[in-house]
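Enquirer: My questions will all concern the structure given below.
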Amino acid sequence: MAEMEAVVPWKELLGVVEPHYPRAGGRGRPPVGLASMLRIYFLQQWFALSDRQTEDALYDMESLRRFAGFSNVTAALPDETTILNFRHLLEQHDLPARLLERVNGLLKAKGLLVSQGTMVDATIIHAPSSTKNAKGERDPEMHQTKKGNQWYFGMKIHIGADVDSGAVHSVSVTAANRADISELPNLLRENDQVVFGDAGYASDEYKRGARALGMVWRVQDKAKPKSLPRRRPGVASGRRSPAARRNATGGIPPSGRVSSICSESSSGSSATLRCATVG
């Protein structure tokens, strides 16, 4: 926490949000201080906490309370609804992208973000699939998708991160059923020279395009189906064909009654045994 306190440009970030944040002095309960809410928002992203989990963490963990600017547990800590409303405020004015832009600008100015490569990934964020709510319907912006043998309902976050520092430089949010590869152009930077990704980003078309632009394509290929072992002719399904059975028995039919008729004939000093088969 101390390190993040020192490196995050809080003053610049507060300047981005302040014009859109409600001011004290109006009707109703005064808003929680902007500095505290912004820090709580960052904590929520760093530790992947839901609104309810963030509220509980502020009560349970003294280090998080101090980082957010609250002296003790008896202070007026924001509840999950307040945390939700602040997040929606940022999303309404497209402020998360501007905050990320400011942070990346600072990293570049300090020489901490100089790589020319991007690694991409996506993750599914679950949403309630029940229709037991006031509107009696699911969230229209959420969709279901299948991953492996499991079905999920919600949204998907697509992320592009610097390969050296690991800093996230691009983010996009879609419904869960949108293919990972479709968001790839939105996650790359103009000066990227290499891209890394899992099999969800495999595409021959994108591979050819990337190489035509001089980029190094380091995306995992999709697993190919395993081919069945080759069988010898006539032994498929564990049974041999009639031709194979004849070859194995020297031409004698495998079924039916077979008798041999042999006779001995003599010619001079030699004798010849002649046999015939009758089926």
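Ligands are numbered from 1 in the order shown, residues from 1 within each chain, and chains are lettered A, B, ... in the order they appear in the structure tokens.
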Sorted by chain and rising residue number, which residues of segment 130-238 of chain A lie within 8 Å of segment 119-125 of chain A, and what are their closest atom pairs and distances in Å to one decimal, counting only C-alpha atoms, as a Markdown table?
Expert:
```
| residue | atom | partner | partner_atom | distance |
| --- | --- | --- | --- | --- |
| A:Tyr152 | CA | A:Ile124 | CA | 7.9 |
| A:Gly154 | CA | A:Ile125 | CA | 5.7 |
| A:Met155 | CA | A:Ile125 | CA | 5.2 |
| A:Lys156 | CA | A:Ile124 | CA | 4.4 |
| A:Ile157 | CA | A:Thr123 | CA | 5.5 |
| A:His158 | CA | A:Ala122 | CA | 4.3 |
| A:Ile159 | CA | A:Asp121 | CA | 5.5 |
| A:Gly160 | CA | A:Val120 | CA | 4.6 |
| A:Ala161 | CA | A:Met119 | CA | 5.4 |
| A:Asp162 | CA | A:Met119 | CA | 6.4 |
| A:Val163 | CA | A:Met119 | CA | 5.8 |
| A:Ala176 | CA | A:Ile124 | CA | 6.3 |
| A:Asp180 | CA | A:Ala122 | CA | 6.6 |
| A:Leu184 | CA | A:Val120 | CA | 7.6 |
| A:Leu187 | CA | A:Val120 | CA | 7.1 |
| A:Val195 | CA | A:Met119 | CA | 5.6 |
| A:Phe196 | CA | A:Met119 | CA | 4.4 |
| A:Gly197 | CA | A:Val120 | CA | 5.3 |
| A:Asp198 | CA | A:Asp121 | CA | 7.3 |
```
Enquirer: Run DSSP on the backbone of this structure and report the residues of segment 68-228 of chain A it assigns to strand (DSSP E or B), as number ranges by chain.
Expert: A: 117-126, 143-147, 150-162, 168-175, 194-197, 216-219
Enquirer: Mind checking DSSP for segment 167-208 of chain A and telling me the helix (DSSP H, G or I) residues as a PyMOL selection string?
Expert: chain A and resi 180-187+199-201+204-208
Enquirer: Those same residues, written as a PDB file, in the first residue's frame with N, CA and C atoms?
Expert:
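So selection_32.pdb came out as:
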```pdb
ATOM      1  N   ASP A 180     -13.122 -13.563 -28.262  1.00  0.00           N
ATOM      2  CA  ASP A 180     -11.910 -12.856 -27.844  1.00  0.00           C
ATOM      3  C   ASP A 180     -11.222 -12.200 -29.031  1.00  0.00           C
ATOM      4  N   ILE A 181     -11.109 -12.923 -30.147  1.00  0.00           N
ATOM      5  CA  ILE A 181     -10.358 -12.442 -31.305  1.00  0.00           C
ATOM      6  C   ILE A 181     -10.970 -11.177 -31.886  1.00  0.00           C
ATOM      7  N   SER A 182     -12.276 -10.978 -31.723  1.00  0.00           N
ATOM      8  CA  SER A 182     -12.934  -9.807 -32.304  1.00  0.00           C
ATOM      9  C   SER A 182     -12.501  -8.506 -31.653  1.00  0.00           C
ATOM     10  N   GLU A 183     -11.969  -8.575 -30.411  1.00  0.00           N
ATOM     11  CA  GLU A 183     -11.538  -7.373 -29.709  1.00  0.00           C
ATOM     12  C   GLU A 183     -10.039  -7.125 -29.830  1.00  0.00           C
ATOM     13  N   LEU A 184      -9.331  -8.000 -30.508  1.00  0.00           N
ATOM     14  CA  LEU A 184      -7.881  -7.861 -30.596  1.00  0.00           C
ATOM     15  C   LEU A 184      -7.433  -6.507 -31.148  1.00  0.00           C
ATOM     16  N   PRO A 185      -8.031  -5.988 -32.234  1.00  0.00           N
ATOM     17  CA  PRO A 185      -7.578  -4.682 -32.750  1.00  0.00           C
ATOM     18  C   PRO A 185      -7.706  -3.547 -31.741  1.00  0.00           C
ATOM     19  N   ASN A 186      -8.654  -3.667 -30.807  1.00  0.00           N
ATOM     20  CA  ASN A 186      -8.856  -2.607 -29.824  1.00  0.00           C
ATOM     21  C   ASN A 186      -7.853  -2.675 -28.673  1.00  0.00           C
ATOM     22  N   LEU A 187      -7.069  -3.750 -28.604  1.00  0.00           N
ATOM     23  CA  LEU A 187      -6.155  -3.941 -27.485  1.00  0.00           C
ATOM     24  C   LEU A 187      -4.696  -3.678 -27.849  1.00  0.00           C
ATOM     25  N   ALA A 199      -5.081 -19.508 -27.140  1.00  0.00           N
ATOM     26  CA  ALA A 199      -5.725 -20.044 -28.337  1.00  0.00           C
ATOM     27  C   ALA A 199      -7.020 -19.324 -28.691  1.00  0.00           C
ATOM     28  N   GLY A 200      -7.577 -18.548 -27.749  1.00  0.00           N
ATOM     29  CA  GLY A 200      -8.784 -17.796 -28.051  1.00  0.00           C
ATOM     30  C   GLY A 200      -8.561 -16.712 -29.101  1.00  0.00           C
ATOM     31  N   TYR A 201      -7.308 -16.364 -29.345  1.00  0.00           N
ATOM     32  CA  TYR A 201      -6.976 -15.328 -30.326  1.00  0.00           C
ATOM     33  C   TYR A 201      -6.375 -15.929 -31.601  1.00  0.00           C
ATOM     34  N   ASP A 204      -5.879 -17.459 -38.596  1.00  0.00           N
ATOM     35  CA  ASP A 204      -4.956 -17.424 -39.735  1.00  0.00           C
ATOM     36  C   ASP A 204      -4.988 -16.067 -40.421  1.00  0.00           C
ATOM     37  N   GLU A 205      -6.184 -15.469 -40.479  1.00  0.00           N
ATOM     38  CA  GLU A 205      -6.306 -14.160 -41.126  1.00  0.00           C
ATOM     39  C   GLU A 205      -5.531 -13.092 -40.365  1.00  0.00           C
ATOM     40  N   TYR A 206      -5.688 -13.060 -39.042  1.00  0.00           N
ATOM     41  CA  TYR A 206      -4.967 -12.076 -38.235  1.00  0.00           C
ATOM     42  C   TYR A 206      -3.469 -12.366 -38.233  1.00  0.00           C
ATOM     43  N   LYS A 207      -3.103 -13.636 -38.262  1.00  0.00           N
ATOM     44  CA  LYS A 207      -1.679 -13.985 -38.295  1.00  0.00           C
ATOM     45  C   LYS A 207      -1.029 -13.442 -39.566  1.00  0.00           C
ATOM     46  N   ARG A 208      -1.692 -13.649 -40.710  1.00  0.00           N
ATOM     47  CA  ARG A 208      -1.136 -13.138 -41.967  1.00  0.00           C
ATOM     48  C   ARG A 208      -1.070 -11.616 -41.960  1.00  0.00           C
TER      49      ARG A 208
END
```
Enquirer: Counting only C-alpha atoms, figure out which residue out of A:Asn191, A:Gln220, A:Gln144, A:Gln44 gets nearest to Ser129 of chain A.
Expert: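 Closest to Ser129 of chain A of all the choices is A:Gln144.
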